[in-house]
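Below is one structure, written out as structure tokens; comments come after it.
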Amino acid sequence: MPQNLLASVMPDNDAPSNFARSTTAEARGTYADPEWVEVLVDCPGVQGLFTYRTGSVQVQPGDILSVPFGAQQVGAIAIRLIPQPPPDLDLSSIRQVEEVVSPGFFPPTYWTLLHQVADYYCATLMQVVRVALPPGLLGRSQRRIRLTDLAKSLFSSTADPTAVLDPAAMQVLGKLQAQKDGDYTWQYLQRQIRGASRGLQQLLQLGWVESYLEPPTGVRPKRQQAVVLTANPPDVSLSPRQQEIVDVLKRRGGDLWLQELLQLCHTSSSVLKALEQKGFVVIQPREVLRSETGQSLQSDLPKLLTTAQAEALAAIASLQGYVQVLLHGVTGSGKTEVYLQAIAPILQQGKSALVLVPEIGLTPQLTDRFRARFGAKVRVYHSALSDGERYDTWRQMLSGASQVVIGTRSAVFAPLSNLGLILLDEEHDGSFKQDQPAPCYHARTVAQWRAKLEDCPLILGSATPSLETWVSSRVNPEKPISSSLDPLPLYLSLPNRIQARPMPPIEVVDMRRELKQGNRSIFSQSLQDALQQLQAQGRQGLLFIHRRGHSTFVSCRSCGYVLECPHCDVSLAYHQTQADATSWLRCHYCGYGRSQPSHCPECDSPYLKHFGSGTQRVMQELSRQFPQLRCIRFDSDTTRTKGAHRTLLTQFAQGESDLLVGTQMLTKGIDLPQVTLVGVIAADGLLHLADYRAGERAFQTLIQVAGRAGRGSEPGKVILQTYSPQHPVIEAVRRHDYEPFVATELQQRRSLNYPPYGQLLLLRLSSPDATAVRQTAEKLASQLRPLCDRTHCELLGPAPAAIPRIARRYRWQILIKCPPGSSLDRPALIELRSHCPAQVSLTLDVDPLSLL
């Protein structure tokens with residue numbers, strides 16, 4: 001079957017990928033009045049390129065298009081214009097491009113990077129495109145069902161016409177009648193009604209409903225009415241009010257937004273229309289850029305550098321072309337100032353810089369520092385922006401102007417041309433790795449590829465570098481996974497804090513001893529004393545807890561029953577916003593919530609106890625024991641709304657609070673010079689996880705949170721509470737010993753062929769059918785064993801995941817461990833998806849950071 005005939009006749013989502021020709025997605029130039037274009041379509045299960053007529057639509061490579069495909073309209077990307085269609089296609093079957101949604105969204109060289117991501121992470125090119133693009137561009141038409149006029153007239157009569165309907169048709173009809181407009185998406189009706197297809201067919205035959213396609217609605221430029229003074233106004237008289245408007249426009253440069261002008265002149269739109277009719281002004285729509293602007297800031301000048309900072313900056317400034325740089329600086333050593341002064345000459349050369357941070361919460365503070373230095377050249381790109389803001393920011397990046405883009409992991413795909421520098425701050429952070437949806441990419445790996453393609457330096461900054469970066473960036477105490485012809489990496493060290501400020505001493509408190517001494521509080525005596533002195537001394541502190549909520553789980557003291565999520569194999573966490581609020585249980589995996597029962601569901605006992613401590617419980621205990629302390633809670637529950645990160649940090653920085661209580665967000669580069677006390681409530685929750693990276697993560701987290709103390713003129717202090725004071729990680733943290741800890745950790749990794757020496761591939765399978773997912777996992781494992789044997793890879797599993805069920809889906813895993821120098825055949829791995837039944841989903845996670 002010719003491929004465009006397939007695009008014409010296949011129903012929604014049914015076009016198989018083996019009909020599409022595989023080809024390289026590159027722009028190959030344009031032709032005079034080209035009539036055909038090859039596009040990549042956004043349709044699940046479809047790969048390769050499809051040919052369309054351009055017709056009257058002006059299409060260029062890199063444009064986002066809307067095209068007919070099967071029975072629907074889908075988003076597509078123009079890859080290349082061709083002088084004539086492939087000879088195997090029937091010209092009458094070639095369909096026409098509907099419209100250009102957004103022009104020029106993909107620079108030609110960009111495709112090399114997208115292909116590299118797709119190949120390495122075992123994903124389709126369209127999956128990578130979806131991750132790279134701002135949301136809302138690749139729209140898809142929806143099938144909708146609505147009542148016809150015939151049906152409405154029938155049901156307005158007294159007779160009951162529904163006697164002829166089967167139950168499914170009755171339910172479909174009931175849903176439509178209950179809806180105000182008598183209109184629902186077909187997808188919704190299928191989810192709600194068993195046998196909806198059968199019922200729909202009967203209603204269609206009776207003519208009571210009709211099926212139609214709702215065109216895709218994507219993100220578009222925002223337009224607003226503007227009033228513009230004409231260059232040569234006619235010689236006619238004006239009323240005093242009209243003359244006032246003309247004078248205001250002259251003083252304001254000749255144009256103003258319509259609404260702004262109406263407010264300034266206290267006039268109506270009819271007066272403006274009269275002015276327009278006289279030829280004095282033109283009222284026209286203009287685009288308004290949606291972007292995150294932040295607050296107005298005073299300009300900032302470069303700071304005087306320490307000797308170590310100056311040496312690091314000089315080394316970076318001397319770089320030509322691609323080099324990977326590890327800037328290893330202790331907390332408070334001034335890495336950000338080095339970043340700023342390294343970027344300044346890049347902008348002066350007319351080039352751009354890309355700065356990646358691990359969390360949205362980190363962007364307000366970092367963005368403010370960059371905007372104070374570089375002004376309007378700074379742009380922000382992350383998922384907390386609206387779709388419109390991300391769309392407009394993306395288009396600004398395409399302009400080619402010299403700029404600095406600061407964003408989270410998806411910003412690694414920012415379409416900046418003429419890149420002069422890529423920088424990852426806190427490069428060790430796990431937030432740079434995407435778990436879902438596919439591709440499961442790591443922004444650090446993609447940044448390395450992009451820096452090579454752009455031939456520019458890549459700076460990886462951290463006080464606690466990941467072991468992968470430590471091994472690959474040293475001039476070789478250790479070998480990386482694979483050898484390379486890349487230039488030798490550069491290791492730069494900032495071993496001391498600025499102004500020679502001391503690292504904060506870390507006091508490790510044995511909570512077992514506290515209990516023996518009769519202290520049953522979640523705060524040790526040492527921490528209680530420090531909190532008592534905090535406000536009296538006019539200082540501020542941080543309390544770190546690795547969990548949000550109130551308590552980890554709720555259990556019956558009579559029978560031991562633990563209240564669990566009905567959709568996941570995990571306990572429900574106890575949440576309580578304030579003392580008199582309703583007690584609430586919530587699943588942190590699927591979002592399920594319920595009120596806490598008054599009695600045990602198993603034995604009807606009233607004795608339910610809360611175990612473990614989260615941020616909410618710590619806040620309640622602080623309120624009870626230290627009512628004089630002003631506290632702010634800083635976790636994912638309190639920072640859900642837009643701008644909440646900035647608001648809370650600003651309140652704290654302005655002295656409106658004595659204590660900031662939070663989770664992992666406190667560890668991610670926050671610079672608060674007035675903080676002198678850091679308390680870690682329970683370090684043990686970080687240590688005892690069934691994951692080979694648990695020690696590395698715990699060390700990084702504890703060192704990072706400890707590093708928030710003593711960054712100003714006053715010395716800092718850290719109180720770390722634990723039930724395992726002799727644990728090697730706790731000992732290394734207490735001594736601030738990064739290199740000895742790394743040496744021990746690397747020795748263990750090498751002996752087990754774990755990264756950075758070996759490579760891991762994790763296959764995650766899930767399904768609502770427990771039997772289907774188990775059988776599929778066993779089938780895939782049997783297919784993988786011969787492949788692993790040939791490449792000397794080790795296959796572990798299949799086995800149920802550490803949490804066997806999440807959101808009503810049963811989960812199994814297969815882990816493949818490859819020794820140094822060997823790897824699995826990527827096409828063979830991708831082929832595994834074809835062996836999974838429809839109800840079983842398979843995720844291929846290359847280089848997973850978590851095995852849980």
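Naming scheme: A, B, ... for chains in displayed order of the structure tokens; residues 1 onward per chain; ligands 1 onward as shown.
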
**OP:** Mind checking which residues fall within 6 Å of Pro489 of chain A, counting only C-alpha atoms, ignoring those fewer than 3 positions away in the same chain, and posting them as a list in words?
**Re:**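 Here the qualifying residues turn out to be Gln324, Val325 and Ser473 of chain A.
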
**OP:** Among the residues of segment 369-430 of chain A, find those DSSP assigns to alpha helix (DSSP H) from the backbone and print them as a ChimeraX atom specification.
**Re:** /A:369-374,387-397

Next, the residues of the selection above should be written as a CSV table (one decimal), in the first residue's frame with N, CA, C and O atoms.
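Listing of selection.csv after writing:
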chain,number,residue,atom,x,y,z
A,369,ARG,N,20.2,37.1,40.0
A,369,ARG,CA,21.6,37.5,39.9
A,369,ARG,C,22.0,37.7,38.5
A,369,ARG,O,22.7,38.6,38.2
A,370,PHE,N,21.5,36.8,37.6
A,370,PHE,CA,21.9,37.0,36.2
A,370,PHE,C,21.2,38.2,35.6
A,370,PHE,O,21.9,38.9,34.8
A,371,ARG,N,20.0,38.5,35.9
A,371,ARG,CA,19.3,39.7,35.4
A,371,ARG,C,20.0,41.0,35.9
A,371,ARG,O,20.0,42.0,35.2
A,372,ALA,N,20.4,41.0,37.2
A,372,ALA,CA,21.1,42.1,37.7
A,372,ALA,C,22.4,42.4,37.0
A,372,ALA,O,22.8,43.6,36.9
A,373,ARG,N,23.0,41.4,36.4
A,373,ARG,CA,24.2,41.5,35.7
A,373,ARG,C,24.0,41.8,34.2
A,373,ARG,O,24.7,42.6,33.6
A,374,PHE,N,23.0,41.0,33.6
A,374,PHE,CA,22.9,41.1,32.1
A,374,PHE,C,21.6,41.7,31.6
A,374,PHE,O,21.4,41.7,30.4
A,387,ASP,N,1.9,27.6,29.0
A,387,ASP,CA,2.3,27.2,27.6
A,387,ASP,C,2.6,28.4,26.7
A,387,ASP,O,3.5,28.3,25.9
A,388,GLY,N,1.8,29.5,26.9
A,388,GLY,CA,2.1,30.7,26.1
A,388,GLY,C,3.4,31.3,26.3
A,388,GLY,O,4.1,31.7,25.4
A,389,GLU,N,3.9,31.3,27.6
A,389,GLU,CA,5.2,31.9,27.9
A,389,GLU,C,6.3,31.0,27.4
A,389,GLU,O,7.3,31.5,26.9
A,390,ARG,N,6.1,29.7,27.4
A,390,ARG,CA,7.2,28.8,26.9
A,390,ARG,C,7.2,29.0,25.4
A,390,ARG,O,8.3,29.0,24.8
A,391,TYR,N,6.1,29.1,24.7
A,391,TYR,CA,6.0,29.2,23.3
A,391,TYR,C,6.7,30.5,22.9
A,391,TYR,O,7.6,30.5,21.9
A,392,ASP,N,6.4,31.6,23.5
A,392,ASP,CA,7.0,32.9,23.1
A,392,ASP,C,8.5,33.0,23.5
A,392,ASP,O,9.3,33.5,22.7
A,393,THR,N,8.9,32.4,24.6
A,393,THR,CA,10.3,32.3,24.9
A,393,THR,C,11.1,31.5,23.9
A,393,THR,O,12.2,31.9,23.5
A,394,TRP,N,10.5,30.4,23.5
A,394,TRP,CA,11.2,29.6,22.4
A,394,TRP,C,11.4,30.4,21.2
A,394,TRP,O,12.5,30.3,20.5
A,395,ARG,N,10.4,31.2,20.7
A,395,ARG,CA,10.5,31.9,19.5
A,395,ARG,C,11.6,33.1,19.7
A,395,ARG,O,12.3,33.4,18.8
A,396,GLN,N,11.7,33.6,20.9
A,396,GLN,CA,12.7,34.6,21.2
A,396,GLN,C,14.1,34.0,21.1
A,396,GLN,O,15.0,34.6,20.6
A,397,MET,N,14.2,32.7,21.5
A,397,MET,CA,15.5,32.0,21.4
A,397,MET,C,15.9,31.8,19.9
A,397,MET,O,17.0,31.7,19.6

**OP:** Measuring atom to atom with only C-alpha atoms, identify which of A:Arg790, A:Lys273, A:Arg286, A:Arg774 is nearest to Trp257 of chain A.
**Re:** A:Arg286

For the contact check between segment 387-471 of chain A and segment 342-361 of chain A, emit one row per residue of segment 387-471 of chain A within 10 Å, containing the shortest atom pair and the distance in Å rounded to one decimal, counting only C-alpha atoms, chain then rising number order, as CSV.
residue,atom,partner,partner_atom,distance
A:Met397,CA,A:Ser352,CA,9.4
A:Gly400,CA,A:Ser352,CA,8.6
A:Ala401,CA,A:Gly350,CA,7.4
A:Ser402,CA,A:Ser352,CA,4.9
A:Gln403,CA,A:Ser352,CA,4.8
A:Val404,CA,A:Ala353,CA,4.8
A:Val405,CA,A:Leu354,CA,5.0
A:Ile406,CA,A:Val355,CA,4.7
A:Gly407,CA,A:Leu356,CA,5.1
A:Thr408,CA,A:Val357,CA,5.1
A:Arg409,CA,A:Leu356,CA,6.4
A:Ser410,CA,A:Leu356,CA,8.9
A:Ala411,CA,A:Leu356,CA,7.0
A:Val412,CA,A:Leu356,CA,7.1
A:Phe413,CA,A:Leu354,CA,9.8
A:Ala414,CA,A:Leu354,CA,8.1
A:Leu416,CA,A:Ser352,CA,7.0
A:Ser417,CA,A:Ser352,CA,7.5
A:Asn418,CA,A:Lys351,CA,5.4
A:Leu419,CA,A:Ser352,CA,4.9
A:Gly420,CA,A:Lys351,CA,5.4
A:Leu421,CA,A:Ala353,CA,4.9
A:Ile422,CA,A:Leu354,CA,4.8
A:Leu423,CA,A:Val355,CA,4.8
A:Leu424,CA,A:Leu356,CA,4.8
A:Asp425,CA,A:Val357,CA,5.3
A:Glu426,CA,A:Val357,CA,6.8
A:Glu427,CA,A:Pro358,CA,7.6
A:His428,CA,A:Pro358,CA,8.9
A:Asp429,CA,A:Pro358,CA,6.2
A:Gly430,CA,A:Pro358,CA,7.7
A:Ser431,CA,A:Pro358,CA,5.3
A:Phe432,CA,A:Pro358,CA,5.6
A:Lys433,CA,A:Pro358,CA,9.2
A:Ala443,CA,A:Leu356,CA,8.5
A:Arg444,CA,A:Leu356,CA,9.1
A:Ala447,CA,A:Leu356,CA,9.3
A:Cys456,CA,A:Ala353,CA,9.8
A:Leu458,CA,A:Leu354,CA,9.7
A:Ile459,CA,A:Val355,CA,9.4
A:Leu460,CA,A:Leu356,CA,9.7

Would you save the residues of that selection, restricted to N, CA and C atoms, as a short mmCIF file (atom, residue, chain, number, x, y, z; two decimals), in the first residue's frame?
data_model
loop_
_atom_site.label_atom_id
_atom_site.label_comp_id
_atom_site.auth_asym_id
_atom_site.auth_seq_id
_atom_site.Cartn_x
_atom_site.Cartn_y
_atom_site.Cartn_z
N MET A 397 14.21 32.72 21.49
CA MET A 397 15.49 32.02 21.39
C MET A 397 15.86 31.77 19.93
N GLY A 400 18.15 34.43 17.18
CA GLY A 400 19.58 34.53 16.90
C GLY A 400 20.27 35.61 17.68
N ALA A 401 19.51 36.37 18.50
CA ALA A 401 20.13 37.44 19.31
C ALA A 401 20.97 36.84 20.42
N SER A 402 21.99 37.58 20.85
CA SER A 402 22.83 37.16 21.96
C SER A 402 22.00 37.16 23.25
N GLN A 403 21.99 36.05 23.98
CA GLN A 403 21.14 35.94 25.17
C GLN A 403 21.64 34.84 26.10
N VAL A 404 21.13 34.88 27.33
CA VAL A 404 21.41 33.83 28.32
C VAL A 404 20.08 33.16 28.64
N VAL A 405 20.00 31.87 28.46
CA VAL A 405 18.79 31.11 28.80
C VAL A 405 19.07 30.28 30.04
N ILE A 406 18.22 30.47 31.07
CA ILE A 406 18.32 29.70 32.31
C ILE A 406 17.10 28.80 32.39
N GLY A 407 17.30 27.52 32.58
CA GLY A 407 16.16 26.61 32.63
C GLY A 407 16.49 25.28 33.26
N THR A 408 15.45 24.49 33.42
CA THR A 408 15.61 23.14 33.96
C THR A 408 15.94 22.19 32.81
N ARG A 409 15.84 20.88 33.04
CA ARG A 409 16.45 19.92 32.10
C ARG A 409 15.95 20.06 30.67
N SER A 410 14.65 20.38 30.46
CA SER A 410 14.15 20.46 29.09
C SER A 410 14.77 21.61 28.32
N ALA A 411 15.35 22.59 29.03
CA ALA A 411 15.99 23.72 28.35
C ALA A 411 17.26 23.30 27.62
N VAL A 412 17.73 22.07 27.84
CA VAL A 412 18.90 21.60 27.09
C VAL A 412 18.60 21.57 25.60
N PHE A 413 17.31 21.54 25.24
CA PHE A 413 16.90 21.54 23.84
C PHE A 413 16.61 22.95 23.32
N ALA A 414 16.89 23.98 24.10
CA ALA A 414 16.62 25.35 23.67
C ALA A 414 17.28 25.62 22.33
N LEU A 416 18.97 27.64 20.62
CA LEU A 416 19.89 28.78 20.52
C LEU A 416 20.91 28.52 19.42
N SER A 417 21.06 29.50 18.56
CA SER A 417 22.12 29.42 17.56
C SER A 417 23.34 30.16 18.09
N ASN A 418 24.49 29.82 17.57
CA ASN A 418 25.73 30.50 17.97
C ASN A 418 25.98 30.38 19.46
N LEU A 419 25.87 29.16 19.98
CA LEU A 419 26.11 28.91 21.40
C LEU A 419 27.60 29.06 21.71
N GLY A 420 27.90 29.81 22.76
CA GLY A 420 29.30 29.99 23.15
C GLY A 420 29.67 29.26 24.41
N LEU A 421 28.66 28.81 25.20
CA LEU A 421 28.94 28.14 26.47
C LEU A 421 27.68 27.44 26.96
N ILE A 422 27.86 26.22 27.48
CA ILE A 422 26.78 25.50 28.17
C ILE A 422 27.25 25.23 29.58
N LEU A 423 26.35 25.44 30.54
CA LEU A 423 26.73 25.34 31.95
C LEU A 423 25.65 24.57 32.71
N LEU A 424 26.06 23.56 33.47
CA LEU A 424 25.14 22.84 34.37
C LEU A 424 25.54 23.14 35.80
N ASP A 425 24.66 23.83 36.53
CA ASP A 425 24.90 24.10 37.94
C ASP A 425 24.32 22.96 38.76
N GLU A 426 25.01 22.55 39.83
CA GLU A 426 24.61 21.39 40.65
C GLU A 426 24.45 20.16 39.75
N GLU A 427 25.48 19.89 38.95
CA GLU A 427 25.38 18.86 37.91
C GLU A 427 25.12 17.47 38.47
N HIS A 428 25.38 17.29 39.76
CA HIS A 428 25.20 15.97 40.37
C HIS A 428 23.73 15.63 40.60
N ASP A 429 22.84 16.60 40.51
CA ASP A 429 21.47 16.43 40.96
C ASP A 429 20.68 15.47 40.08
N GLY A 430 19.93 14.58 40.71
CA GLY A 430 19.14 13.59 39.97
C GLY A 430 17.99 14.19 39.18
N SER A 431 17.61 15.44 39.45
CA SER A 431 16.51 16.06 38.70
C SER A 431 16.86 16.28 37.23
N PHE A 432 18.14 16.19 36.88
CA PHE A 432 18.52 16.33 35.47
C PHE A 432 18.15 15.09 34.66
N LYS A 433 17.73 14.01 35.31
CA LYS A 433 17.35 12.77 34.61
C LYS A 433 15.84 12.68 34.51
N ALA A 443 19.99 15.26 31.16
CA ALA A 443 20.35 16.55 30.56
C ALA A 443 21.86 16.74 30.49
N ARG A 444 22.60 16.14 31.43
CA ARG A 444 24.06 16.28 31.38
C ARG A 444 24.63 15.58 30.16
N ALA A 447 23.69 17.55 27.12
CA ALA A 447 24.50 18.78 27.08
C ALA A 447 25.90 18.50 26.54
N CYS A 456 31.61 24.17 21.68
CA CYS A 456 31.76 25.17 22.74
C CYS A 456 32.05 24.47 24.06
N LEU A 458 31.77 23.12 27.90
CA LEU A 458 30.71 22.68 28.80
C LEU A 458 31.26 22.73 30.22
N ILE A 459 30.62 23.52 31.09
CA ILE A 459 31.05 23.64 32.48
C ILE A 459 30.07 22.89 33.36
N LEU A 460 30.58 21.97 34.15
CA LEU A 460 29.79 21.22 35.12
C LEU A 460 30.20 21.68 36.51
#

**OP:** Looking only at strand (DSSP E) from DSSP on the backbone, list the matching residues of segment 47-249 of chain A as a ChimeraX atom specification.
**Re:** /A:50-53,64-69,72-82,99-102,142-147,183-185,209-214,222-229

**OP:** Would you kindly return, as a ChimeraX atom specification, each protein, DNA or RNA residue with an atom no farther than 7 Å from any atom of Pro439 of chain A, considering only C-alpha atoms and excluding same-chain residues fewer than 6 positions away?
**Re:** /A:121,123,127-128
